[in-house]
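Engineer: Before I ask anything, here is the structure I am working with.
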Amino acid sequence: MFDFIHSLWEACASFYLANAFVTVPLTKIVILFGVVMIIVAYSSLAERKVSALMQDRIGPNRTGIPLTLLGFKKDLNIAGLAQPIVDGLKFLLKEDLTPGHVKKFYYWLAPALAVAPAILSFAVVPFGSTLTICEKSYKMVIADVNVGFLYVFAITSIAVYGIVIAGWSSNSKFPFLGGVRSSAQMISYELSMGLSLVPVLLVIGNLNLSAIVDYQAQNGWSVVPFTNGAVGWKDGGLILQGFTWSKILLWIPMVISFVIFTVSIFAETNRAPFDLPESETELVGGYHTEYSSMKFALFFLGEYAAMITGCALIATLFLGGWHVPVPSIHFGGAGDWSISLITKTGADGTGWAFFNIACFFGKVIALIVFFMFIRWTVPRFRYDQLMKLGWVVLFELALANIVVTAVILAFLPK
Amino acid sequence: MATVQIPRPELSLIEKTYLPAIFGGLKITLKHLKESITGKTKVTMQYPEERWDSELPEHYRGVPALVTDDYGRERCVSCQLCEFICPPRAITITPGEIAEDAKFAKVEKFPEQFKIDMVRCIYCGMCEEVCPEQAIYLQKDYLVVGTTRAEMVHDKAKLYEIGGLKTGLVNKWDDKK
């Protein structure tokens, strides 16, 4: 029996390694998809919790595992942590109503189009350095493509179709208004989103997202450029590494880029204060008014998945992706000491590989929480304010930012 | 009256970026978040586990119930005033006659059946107000639940179970001294 299991295991392993071209990305896809879905589920709970705590309420804290259904004496109460599972079950069990007046094909297509792009762009985001398993090292990114950046733009442009088609195919006024608002908003902000990233490209000079993170690991993050710095004292002289003039000057356009990109991601993911497409108070829920059951849940899921992807992009492009500097202290007496920030990757050991992955998801989760803080703080924009901000402020600012970066790079080469 | 021209406030350049307003708002919401997490804010009562029973005011109007007096005699004499005054007509009384050889035969009447439909009851307290015998009182109980309409009708046994004994107040049926 043991021999049989052993030989089966061997056969599976050799099959896996022989077809590594297919199996390795597939494994990454399955694991990453699972992780993203878990984050989606729990960010919906976190959103309700955060909003409740900000408004002096308590939020969902009852839903546990109903052990009494299985004959136990007491339910397992885990502070409401089972809420996302129960929500999902509720959506699955609800009646899936297709109203008679909708355009059926597009009505069924729209929810899928709302979810797919959000998850698709995760494919090019590096979520860790390298992980070595069984003496083979794997890059922690599903598709390490050189057009990474353009791919992200192409996919996020598709994201608008889900909402537009939902609004149009629902064939009633509120979803239609939501769809119209959304298309206008997403097209406007896509412009400044794309332009805000040009300075980053000018500095880094690579479209591959893994290469962008590698660059930031070596030269400091885009927004926090001193993450590879070192301060020390040796032989009566001050050691100061990682503080160059070009870096300090480039810091300004990078921060502007970061702000524009973050604001654009807010608008692209239809999060408050840019949630005009689904403003409940005016549009009864906007583009998904006519949807019910799992189709509605898909829009919900798509919104959160888009938010996670957006946060992952912000983290990758501006906050160093999986990279977090580790302080290293060298002390050899009063005249010979240094504190430096060094980079640890998967090449330094498997522990560091997991550290990198944890750093990436930590940044993503921190950004999601930030998104939630903003949502429950800022009221919704008026429509003309939204358009003005997009076309008059952010667009011009992004253009000027490109020029500034180019001038700095021309006079102060790296 | 002189006309006062109030200038419309102009937003400064920094205010136009919305950023001060956003961070100002964040300061407030994060303060609330912090106070909620540290347990400084205490607004919600976790209802079934925590209850307000100890903080109920003296005049709280809960479910109406019948009471007995010092001798265990039921106070209600079936005068039906409460039935007539009851605004939602929740009370139904079936009057009966007390047997001549009973101890309190002079009371003459007693309720054979006394029903309060708690689905209809509006807890107004008019029955308590109108009762000449101090026989019906609004209690401090507020939890009336049932899965059928029939369960929600309190009959005489149930009403006495809720009400229990109340001493004093009425002594006109006592023996003459």
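In the structure tokens, the first chain shown is A, the next is B, and so on; residue numbers restart at 1 for each chain, and ligands run from 1 in the order shown.
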Per residue of chain B within 6 Å of chain A, what are the shortest atom pair and its distance in Å to one decimal, counting only C-alpha atoms, with rows by chain and residue number, as JSON lines?
Structural biologist:
```
{"residue": "B:Gly25", "atom": "CA", "partner": "A:Thr377", "partner_atom": "CA", "distance": 5.7}
{"residue": "B:Leu26", "atom": "CA", "partner": "A:Thr377", "partner_atom": "CA", "distance": 5.9}
{"residue": "B:Thr29", "atom": "CA", "partner": "A:Met54", "partner_atom": "CA", "distance": 5.4}
{"residue": "B:His32", "atom": "CA", "partner": "A:Met54", "partner_atom": "CA", "distance": 5.2}
{"residue": "B:Leu33", "atom": "CA", "partner": "A:Met54", "partner_atom": "CA", "distance": 4.5}
{"residue": "B:Ser36", "atom": "CA", "partner": "A:Leu53", "partner_atom": "CA", "distance": 5.5}
```
Engineer: I want to know what sits within 7 Å of Thr269 (chain A), based on only C-alpha atoms, with residues of the same chain fewer than 5 positions away left out; could you give that as a PyMOL selection string?
Structural biologist: chain A and resi 303+306-307
Engineer: Work out how far CA of Ser169 (chain A) is from CA of Lys103 (chain A), in Å to one decimal.
Structural biologist: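 So the answer is 4.9 Å.
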Engineer: If we count only C-alpha atoms and set the cut-off at 9 Å, which residues sit around Ser172 (chain A), ignoring sequence neighbours fewer than 6 positions away in its own chain? Please answer as a PDB file with N, CA and C atoms, in the first residue's frame.
Structural biologist:
```pdb
ATOM      1  N   HIS A 101     -38.183  42.663 -19.219  1.00  0.00           N
ATOM      2  CA  HIS A 101     -37.909  43.751 -20.156  1.00  0.00           C
ATOM      3  C   HIS A 101     -36.443  43.924 -20.487  1.00  0.00           C
ATOM      4  N   VAL A 102     -35.579  42.987 -20.042  1.00  0.00           N
ATOM      5  CA  VAL A 102     -34.144  43.192 -20.264  1.00  0.00           C
ATOM      6  C   VAL A 102     -33.712  42.571 -21.583  1.00  0.00           C
ATOM      7  N   GLU A 290     -31.397  46.129 -11.462  1.00  0.00           N
ATOM      8  CA  GLU A 290     -32.264  45.056 -11.950  1.00  0.00           C
ATOM      9  C   GLU A 290     -31.700  43.666 -11.650  1.00  0.00           C
TER      10      GLU A 290
END
```
Engineer: Please provide as a ChimeraX atom specification all residues within 7 Å of Ile308 (chain A), with the sequence filter that same-chain residues fewer than 4 positions apart are discarded (counting only C-alpha atoms).
Structural biologist: /A:304,312,364,368
Engineer: Give me the residues near Ile329 (chain A) as a ChimeraX atom specification, where near means some atom within 8 Å (using only C-alpha atoms) and where sequence neighbours in that chain fewer than 5 positions away do not count.
Structural biologist: /A:337-340
Engineer: Measuring between only C-alpha atoms, which one of A:Phe274, A:Phe361, A:Phe258, A:Trp168 shows the shortest distance to Thr309 (chain A)?
Structural biologist: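 Nearest candidate to Thr309 (chain A) out of A:Phe274, A:Phe361, A:Phe258, A:Trp168: A:Phe361.
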Engineer: Can you list, as a list of chain:residue names, every protein, DNA or RNA residue that comes within 12 Å of region 59-61 of chain B when you count only C-alpha atoms, leaving out same-chain residues fewer than 6 positions away?
Structural biologist: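 In the requested form, the answer reads B:Trp52, B:Asp53, B:Cys121, B:Ile122, B:Tyr123, B:Cys124, B:Gly125, B:Met126, B:Cys127, B:Glu128, B:Glu129, B:Tyr137, B:Leu138, B:Gln139, B:Lys140, B:Asp141, B:Tyr142.
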Engineer: Just to be explicit: take each residue in the selection above, keep C-alpha atoms, and write the result as an mmCIF file, in the first residue's frame.
Structural biologist:
```cif
data_model
loop_
_atom_site.group_PDB
_atom_site.id
_atom_site.type_symbol
_atom_site.label_atom_id
_atom_site.label_comp_id
_atom_site.auth_asym_id
_atom_site.auth_seq_id
_atom_site.Cartn_x
_atom_site.Cartn_y
_atom_site.Cartn_z
ATOM 1 C CA TRP B 52 -32.388 47.302 30.267
ATOM 2 C CA ASP B 53 -34.524 45.655 32.953
ATOM 3 C CA CYS B 121 -52.890 45.449 22.923
ATOM 4 C CA ILE B 122 -51.246 48.858 22.589
ATOM 5 C CA TYR B 123 -49.938 49.059 26.157
ATOM 6 C CA CYS B 124 -51.827 52.317 26.760
ATOM 7 C CA GLY B 125 -52.633 51.535 30.382
ATOM 8 C CA MET B 126 -56.243 52.655 30.182
ATOM 9 C CA CYS B 127 -57.440 49.353 31.676
ATOM 10 C CA GLU B 128 -55.268 50.006 34.719
ATOM 11 C CA GLU B 129 -56.549 53.556 34.966
ATOM 12 C CA TYR B 137 -51.847 46.390 36.263
ATOM 13 C CA LEU B 138 -49.299 47.033 33.556
ATOM 14 C CA GLN B 139 -46.234 45.052 34.514
ATOM 15 C CA LYS B 140 -42.567 45.626 33.718
ATOM 16 C CA ASP B 141 -42.424 42.611 31.370
ATOM 17 C CA TYR B 142 -42.075 43.522 27.707
#
```
Engineer: Which parts of region 33-126 of chain B does DSSP call strand (DSSP E) when run on the backbone here, written out as a ChimeraX atom specification?
Structural biologist: /B:64-66,91-97,109-117
Engineer: Output the selection as a PDB file, in the first residue's frame - C-alpha atoms for each residue.
Structural biologist:
```
ATOM      1  CA  PRO B  64     -51.167  44.155  31.384  1.00  0.00           C
ATOM      2  CA  ALA B  65     -51.894  41.405  33.905  1.00  0.00           C
ATOM      3  CA  LEU B  66     -54.413  40.539  36.623  1.00  0.00           C
ATOM      4  CA  ILE B  91     -59.826  42.537  26.209  1.00  0.00           C
ATOM      5  CA  THR B  92     -62.641  39.988  26.241  1.00  0.00           C
ATOM      6  CA  ILE B  93     -64.266  39.063  29.558  1.00  0.00           C
ATOM      7  CA  THR B  94     -66.748  36.280  30.149  1.00  0.00           C
ATOM      8  CA  PRO B  95     -68.485  37.170  33.461  1.00  0.00           C
ATOM      9  CA  GLY B  96     -69.521  34.522  35.921  1.00  0.00           C
ATOM     10  CA  GLU B  97     -71.413  34.365  39.204  1.00  0.00           C
ATOM     11  CA  LYS B 109     -69.273  38.390  40.106  1.00  0.00           C
ATOM     12  CA  PHE B 110     -65.960  37.038  38.903  1.00  0.00           C
ATOM     13  CA  PRO B 111     -64.462  36.628  35.438  1.00  0.00           C
ATOM     14  CA  GLU B 112     -65.035  33.119  34.158  1.00  0.00           C
ATOM     15  CA  GLN B 113     -62.589  33.862  31.439  1.00  0.00           C
ATOM     16  CA  PHE B 114     -60.407  36.930  30.922  1.00  0.00           C
ATOM     17  CA  LYS B 115     -58.583  37.193  27.615  1.00  0.00           C
ATOM     18  CA  ILE B 116     -56.180  39.879  26.407  1.00  0.00           C
ATOM     19  CA  ASP B 117     -55.134  39.625  22.797  1.00  0.00           C
TER      20      ASP B 117
END
```
